[in-house]
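Presented below is the structure to which this report refers.
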Amino acid sequence: MNINMLDRIAIAGVGLLGGSIGHALRAAGFAGTRVGIGRRASSLEAAVACDAVDEVTLDVEAGVRGAGLVVLCTPLGQMEQMFRRIAPVLKPGTYVTDVGSTKAGVVRMAQRLLPPKVRFVGSHPMAGSEKTGVEFARADLFDRALCIVTPTARTPSAHVRWMRGFWESMGATTTVLDPRKHDVLLARVSHLPHAVATALVHLSKDGAIDVAGPGFADATRIASGDPDMWTDILRTNRAAMIRSIDRLVAELNRLRSKLDRDDADALRQWLAAGKQVRDEWIALRYRKKVLPP
């Protein structure tokens, strides 16, 4: 798709992701108006000052009115309210997407609350960091990042292609997953790792953190993420998270059994198998240029 077929794109929530979308659009040659929508005037002023958006408003309805694309970068807990507010004012044919880390619930809300004239396709760009705020936004955030697009059986294929083209215009690589499948898989490779990182920090609070080194810092970096955002993510994906926690506990119990037997060969095989899977994944991602070098 040609992003310059649009003359107005609304970004609701101009933080790290929303601000980076604004920067990436301009870097990709978008010549239209980038409208930032937020709840705090100070944040919107910062977004304009760093050229993440062209116009800003505290009025959600005014911000999305006339837009050809609306990108919802608001917290998951605010998504239903956003859908209710924008639904009456979206023009026919408007594309709507979101960047939420869980998808099944968001997609259900969109199908229930948005009118049929609106073209909703859920998205989850696998980009970002533990930092928040538009001051950390950058134009290359999505470059070589994976973006998961989550249509349903009711989503026209043309709308899916359009949304994939939107993300690819900003440098992302896209793939398609059913929303429920997305949540199951992301519980294992995104949401559980965040919980584990936080658990490791809790385990260190008895003084162990005072002697921690770079390995601990690497393993726990994501524990510095926004607690409110992660509360929403874990709650909206709680069933898949519980299953993933159970799987992790079972894996740790297998490790415990090997240690209990002092089985050096079994330990080596367990560690080697994990190393092989991760090394192959890294090599594949580099070849596809999804991860930065």
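Here's how to read the names in the structure tokens: chain A, B, ... by the order shown, residue numbers from 1 in each chain, ligand numbers from 1 in the order shown.
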Which residues in stretch 35-259 of chain A does DSSP call helix (DSSP H, G or I)? List them as a PyMOL selection string. chain A and resi 41-49+60-64+76-89+104-113+134-136+157-169+179-203+208-211+214-224+227-236+238-259
Okay, now the selection with C-alpha atoms, as a compact mmCIF listing (two decimals), in the first residue's frame?
```txt
# COMPACT_ATOMS: atom_id res chain seq x y z
CA ALA A 41 -1.35 18.35 27.30
CA SER A 42 2.28 18.19 28.44
CA SER A 43 2.82 14.84 26.71
CA LEU A 44 1.23 16.08 23.51
CA GLU A 45 3.35 19.22 23.57
CA ALA A 46 6.45 17.03 23.86
CA ALA A 47 5.26 14.95 20.88
CA VAL A 48 4.95 18.06 18.73
CA ALA A 49 8.28 19.42 19.94
CA VAL A 60 -10.58 11.73 20.94
CA GLU A 61 -13.56 12.22 18.65
CA ALA A 62 -12.09 15.31 17.02
CA GLY A 63 -8.75 13.60 16.58
CA VAL A 64 -10.06 10.60 14.64
CA LEU A 76 -5.33 -2.44 27.02
CA GLY A 77 -7.50 -1.38 29.93
CA GLN A 78 -8.65 1.70 27.99
CA MET A 79 -9.32 -0.06 24.70
CA GLU A 80 -13.05 -0.66 25.14
CA GLN A 81 -13.67 2.97 26.02
CA MET A 82 -11.66 4.04 22.96
CA PHE A 83 -13.70 1.84 20.63
CA ARG A 84 -16.93 3.24 22.04
CA ARG A 85 -15.78 6.81 21.61
CA ILE A 86 -14.43 6.57 18.08
CA ALA A 87 -17.15 4.33 16.61
CA PRO A 88 -19.76 7.05 15.93
CA VAL A 89 -17.38 9.46 14.18
CA ALA A 104 -8.24 -12.01 21.40
CA GLY A 105 -10.07 -9.66 23.74
CA VAL A 106 -9.27 -6.56 21.70
CA VAL A 107 -10.46 -8.17 18.47
CA ARG A 108 -13.73 -9.27 20.11
CA MET A 109 -14.33 -5.73 21.37
CA ALA A 110 -13.61 -4.26 17.95
CA GLN A 111 -16.03 -6.63 16.25
CA ARG A 112 -18.71 -5.84 18.81
CA LEU A 113 -18.30 -2.07 19.05
CA VAL A 134 7.63 9.93 23.46
CA GLU A 135 11.15 11.11 24.33
CA PHE A 136 12.33 7.54 23.66
CA SER A 157 -8.03 -10.61 2.81
CA ALA A 158 -7.67 -7.22 1.12
CA HIS A 159 -7.81 -5.54 4.53
CA VAL A 160 -5.13 -7.88 5.86
CA ARG A 161 -2.87 -7.11 2.91
CA TRP A 162 -3.39 -3.39 3.43
CA MET A 163 -2.47 -3.58 7.12
CA ARG A 164 0.60 -5.68 6.42
CA GLY A 165 1.62 -3.09 3.84
CA PHE A 166 1.24 -0.32 6.38
CA TRP A 167 3.65 -1.94 8.83
CA GLU A 168 6.04 -2.98 6.10
CA SER A 169 6.17 0.62 4.84
CA PRO A 179 -5.84 -13.76 17.74
CA ARG A 180 -6.24 -16.68 20.15
CA LYS A 181 -3.18 -18.44 18.78
CA HIS A 182 -1.27 -15.19 19.13
CA ASP A 183 -2.12 -14.99 22.83
CA VAL A 184 -1.11 -18.59 23.50
CA LEU A 185 2.27 -18.18 21.80
CA LEU A 186 3.01 -14.72 23.17
CA ALA A 187 2.30 -15.94 26.69
CA ARG A 188 5.32 -18.25 26.30
CA VAL A 189 7.77 -15.95 24.55
CA SER A 190 6.83 -12.47 25.78
CA HIS A 191 4.49 -12.37 28.75
CA LEU A 192 5.99 -15.25 30.74
CA PRO A 193 9.56 -13.95 30.24
CA HIS A 194 8.50 -10.63 31.74
CA ALA A 195 6.97 -12.40 34.73
CA VAL A 196 10.06 -14.58 35.14
CA ALA A 197 12.35 -11.54 35.00
CA THR A 198 10.30 -9.95 37.74
CA ALA A 199 10.36 -13.17 39.77
CA LEU A 200 14.16 -13.28 39.51
CA VAL A 201 14.34 -9.75 40.87
CA HIS A 202 12.10 -10.73 43.78
CA LEU A 203 14.38 -13.71 44.49
CA ALA A 208 21.83 -11.28 46.42
CA ILE A 209 21.27 -8.34 44.06
CA ASP A 210 24.24 -6.61 45.70
CA VAL A 211 26.59 -9.12 44.03
CA PRO A 214 25.82 -8.42 33.75
CA GLY A 215 24.08 -11.78 33.36
CA PHE A 216 21.50 -10.79 35.96
CA ALA A 217 21.09 -7.40 34.29
CA ASP A 218 20.52 -9.05 30.89
CA ALA A 219 18.05 -11.59 32.27
CA THR A 220 16.02 -9.01 34.20
CA ARG A 221 16.11 -5.93 31.93
CA ILE A 222 12.44 -6.22 31.01
CA ALA A 223 11.41 -6.24 34.68
CA SER A 224 11.85 -2.45 34.46
CA PRO A 227 3.81 -2.08 35.94
CA ASP A 228 0.41 -0.71 34.89
CA MET A 229 0.88 -1.81 31.28
CA TRP A 230 2.06 -5.27 32.32
CA THR A 231 -0.80 -5.68 34.78
CA ASP A 232 -3.19 -5.20 31.85
CA ILE A 233 -1.24 -7.64 29.67
CA LEU A 234 -1.08 -10.41 32.26
CA ARG A 235 -4.75 -10.01 33.23
CA THR A 236 -6.04 -10.00 29.66
CA ARG A 238 -4.40 -14.86 32.24
CA ALA A 239 -5.61 -18.27 31.00
CA ALA A 240 -2.67 -18.67 28.62
CA MET A 241 -0.32 -17.30 31.28
CA ILE A 242 -1.46 -19.86 33.83
CA ARG A 243 -0.88 -22.68 31.35
CA SER A 244 2.54 -21.27 30.51
CA ILE A 245 3.48 -20.98 34.17
CA ASP A 246 2.49 -24.62 34.65
CA ARG A 247 4.70 -25.61 31.72
CA LEU A 248 7.61 -23.64 33.14
CA VAL A 249 7.19 -25.24 36.55
CA ALA A 250 7.23 -28.68 34.90
CA GLU A 251 10.42 -27.78 33.00
CA LEU A 252 12.09 -26.53 36.18
CA ASN A 253 11.05 -29.71 37.97
CA ARG A 254 12.77 -31.71 35.23
CA LEU A 255 15.89 -29.65 35.83
CA ARG A 256 15.53 -30.17 39.57
CA SER A 257 15.37 -33.91 39.06
CA LYS A 258 18.61 -33.87 37.05
CA LEU A 259 20.32 -31.85 39.76
```
Quick one: pick out all strand (DSSP E) residues within stretch 100-146 of chain A from a backbone DSSP run and write them as an MDAnalysis selection string. chainID A and resid 119:120 122:125 146
Among listed residues A:Ala28, A:Leu177, A:Val99, A:Cys73, nearest A:Val149 (using only C-alpha atoms):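 Under the stated criterion, the closest residue is A:Leu177.
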Nearest residue to A:His124 out of A:Lys103, A:Lys91, A:Arg285, A:Arg8, using only C-alpha atoms?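 Closest candidate: A:Lys103.
Using only C-alpha atoms for every distance, the candidate list A:Thr102, A:Thr174, A:Gln269, A:Ser20 yields A:Ser20 as the residue closest to A:Ala139.
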Counting only C-alpha atoms, which residue out of A:Val96, A:Ala283, A:Ile9, A:Ala272 sits closest to A:Leu114?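 So, comparing all the options, the nearest one is A:Val96.
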Shell around stretch 142-147 of chain A at 12 Å using only C-alpha atoms, local window under 4 positions removed, as a ChimeraX atom specification: /A:16-25,27-28,98-101,122-129,137-138,163-177,182,285-293
For the residues selected in the previous step, produce a file with C-alpha atoms as an mmCIF file, in the first residue's frame.
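In the end it all went to selection.cif:
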```
data_model
loop_
_atom_site.group_PDB
_atom_site.id
_atom_site.type_symbol
_atom_site.label_atom_id
_atom_site.label_comp_id
_atom_site.auth_asym_id
_atom_site.auth_seq_id
_atom_site.Cartn_x
_atom_site.Cartn_y
_atom_site.Cartn_z
ATOM 1 C CA LEU A 16 7.128 5.146 22.762
ATOM 2 C CA LEU A 17 5.153 3.170 20.180
ATOM 3 C CA GLY A 18 2.802 5.917 19.042
ATOM 4 C CA GLY A 19 5.608 8.429 18.783
ATOM 5 C CA SER A 20 7.776 5.958 16.874
ATOM 6 C CA ILE A 21 4.925 5.367 14.423
ATOM 7 C CA GLY A 22 4.778 9.108 13.849
ATOM 8 C CA HIS A 23 8.537 9.323 13.277
ATOM 9 C CA ALA A 24 8.548 6.227 11.051
ATOM 10 C CA LEU A 25 5.714 7.560 8.927
ATOM 11 C CA ALA A 27 10.812 8.853 7.514
ATOM 12 C CA ALA A 28 8.891 6.629 5.075
ATOM 13 C CA ASP A 98 -4.063 -1.309 17.668
ATOM 14 C CA VAL A 99 -0.662 -2.235 19.076
ATOM 15 C CA GLY A 100 -1.847 -4.224 22.087
ATOM 16 C CA SER A 101 0.233 -7.122 23.377
ATOM 17 C CA GLY A 122 -5.443 -6.067 14.983
ATOM 18 C CA SER A 123 -1.666 -5.666 15.113
ATOM 19 C CA HIS A 124 1.144 -6.384 17.546
ATOM 20 C CA PRO A 125 4.535 -4.905 16.632
ATOM 21 C CA MET A 126 7.236 -6.809 18.497
ATOM 22 C CA ALA A 127 9.210 -3.666 19.189
ATOM 23 C CA GLY A 128 9.814 -1.365 22.098
ATOM 24 C CA SER A 129 11.724 -1.472 25.335
ATOM 25 C CA ALA A 137 10.493 7.249 20.325
ATOM 26 C CA ARG A 138 12.555 6.828 17.185
ATOM 27 C CA MET A 163 -2.468 -3.577 7.119
ATOM 28 C CA ARG A 164 0.596 -5.677 6.419
ATOM 29 C CA GLY A 165 1.624 -3.093 3.835
ATOM 30 C CA PHE A 166 1.236 -0.315 6.381
ATOM 31 C CA TRP A 167 3.647 -1.937 8.830
ATOM 32 C CA GLU A 168 6.043 -2.977 6.097
ATOM 33 C CA SER A 169 6.171 0.619 4.840
ATOM 34 C CA MET A 170 7.783 1.468 8.198
ATOM 35 C CA GLY A 171 10.360 -1.298 7.888
ATOM 36 C CA ALA A 172 8.661 -4.126 9.756
ATOM 37 C CA THR A 173 8.410 -7.754 8.696
ATOM 38 C CA THR A 174 4.851 -9.063 9.082
ATOM 39 C CA THR A 175 3.250 -12.387 9.798
ATOM 40 C CA VAL A 176 -0.373 -13.403 10.377
ATOM 41 C CA LEU A 177 -1.803 -15.259 13.384
ATOM 42 C CA HIS A 182 -1.271 -15.192 19.130
ATOM 43 C CA ARG A 285 16.243 -13.914 12.591
ATOM 44 C CA TYR A 286 19.497 -12.413 11.360
ATOM 45 C CA ARG A 287 19.027 -13.978 7.936
ATOM 46 C CA LYS A 288 15.509 -12.531 7.762
ATOM 47 C CA LYS A 289 16.822 -9.230 9.144
ATOM 48 C CA VAL A 290 14.131 -9.180 11.829
ATOM 49 C CA LEU A 291 16.522 -8.597 14.700
ATOM 50 C CA PRO A 292 19.104 -5.822 14.715
ATOM 51 C CA PRO A 293 22.728 -7.030 14.570
#
```
What does the structure give for the distance between atom CA of A:Phe120 and atom CA of A:Asn2, in Å to one decimal? 18.1 Å
Residues within 7 Å of A:Gly13, only C-alpha atoms, excluding chain neighbours under 2 positions, as an MDAnalysis selection string: chainID A and resid 11 15 18 37:38 72:74
Go ahead and write the residues just picked, N, CA, C and O atoms, as a PDB file, in the first residue's frame.
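Wrote out_2.pdb, looks like this:
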```
ATOM      1  N   ILE A  11      -3.119   8.959  15.707  1.00  0.00           N
ATOM      2  CA  ILE A  11      -2.400   8.080  16.624  1.00  0.00           C
ATOM      3  C   ILE A  11      -2.884   8.391  18.027  1.00  0.00           C
ATOM      4  O   ILE A  11      -2.606   9.468  18.571  1.00  0.00           O
ATOM      5  N   GLY A  15       3.120   7.719  22.979  1.00  0.00           N
ATOM      6  CA  GLY A  15       4.254   7.385  23.821  1.00  0.00           C
ATOM      7  C   GLY A  15       5.366   6.798  22.978  1.00  0.00           C
ATOM      8  O   GLY A  15       5.616   7.250  21.859  1.00  0.00           O
ATOM      9  N   GLY A  18       3.518   4.936  19.847  1.00  0.00           N
ATOM     10  CA  GLY A  18       2.802   5.917  19.042  1.00  0.00           C
ATOM     11  C   GLY A  18       3.722   6.969  18.465  1.00  0.00           C
ATOM     12  O   GLY A  18       3.610   7.350  17.287  1.00  0.00           O
ATOM     13  N   ILE A  37      -3.267  12.040  19.675  1.00  0.00           N
ATOM     14  CA  ILE A  37      -4.373  12.144  20.634  1.00  0.00           C
ATOM     15  C   ILE A  37      -3.867  11.656  21.980  1.00  0.00           C
ATOM     16  O   ILE A  37      -3.221  10.602  22.068  1.00  0.00           O
ATOM     17  N   GLY A  38      -4.128  12.400  23.034  1.00  0.00           N
ATOM     18  CA  GLY A  38      -3.663  11.994  24.350  1.00  0.00           C
ATOM     19  C   GLY A  38      -4.530  12.534  25.460  1.00  0.00           C
ATOM     20  O   GLY A  38      -5.525  13.220  25.218  1.00  0.00           O
ATOM     21  N   LEU A  72      -4.482   2.738  17.528  1.00  0.00           N
ATOM     22  CA  LEU A  72      -4.726   2.845  18.965  1.00  0.00           C
ATOM     23  C   LEU A  72      -3.509   2.320  19.719  1.00  0.00           C
ATOM     24  O   LEU A  72      -3.226   1.118  19.713  1.00  0.00           O
ATOM     25  N   CYS A  73      -2.806   3.228  20.368  1.00  0.00           N
ATOM     26  CA  CYS A  73      -1.625   2.870  21.162  1.00  0.00           C
ATOM     27  C   CYS A  73      -1.903   3.087  22.640  1.00  0.00           C
ATOM     28  O   CYS A  73      -0.983   3.333  23.426  1.00  0.00           O
ATOM     29  N   THR A  74      -3.148   3.014  23.018  1.00  0.00           N
ATOM     30  CA  THR A  74      -3.563   3.207  24.394  1.00  0.00           C
ATOM     31  C   THR A  74      -3.433   1.903  25.177  1.00  0.00           C
ATOM     32  O   THR A  74      -3.386   0.824  24.594  1.00  0.00           O
TER      33      THR A  74
END
```
Computed interatomic separation between atom CA of A:Arg26 and atom CA of A:Ala12 (Å):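 Computed distance, atom CA of A:Arg26 to atom CA of A:Ala12, equals 16.9 Å.
Taking atom CA of A:Val56 and atom CA of A:Gly36 as endpoints, the distance between them is 4.5 Å.
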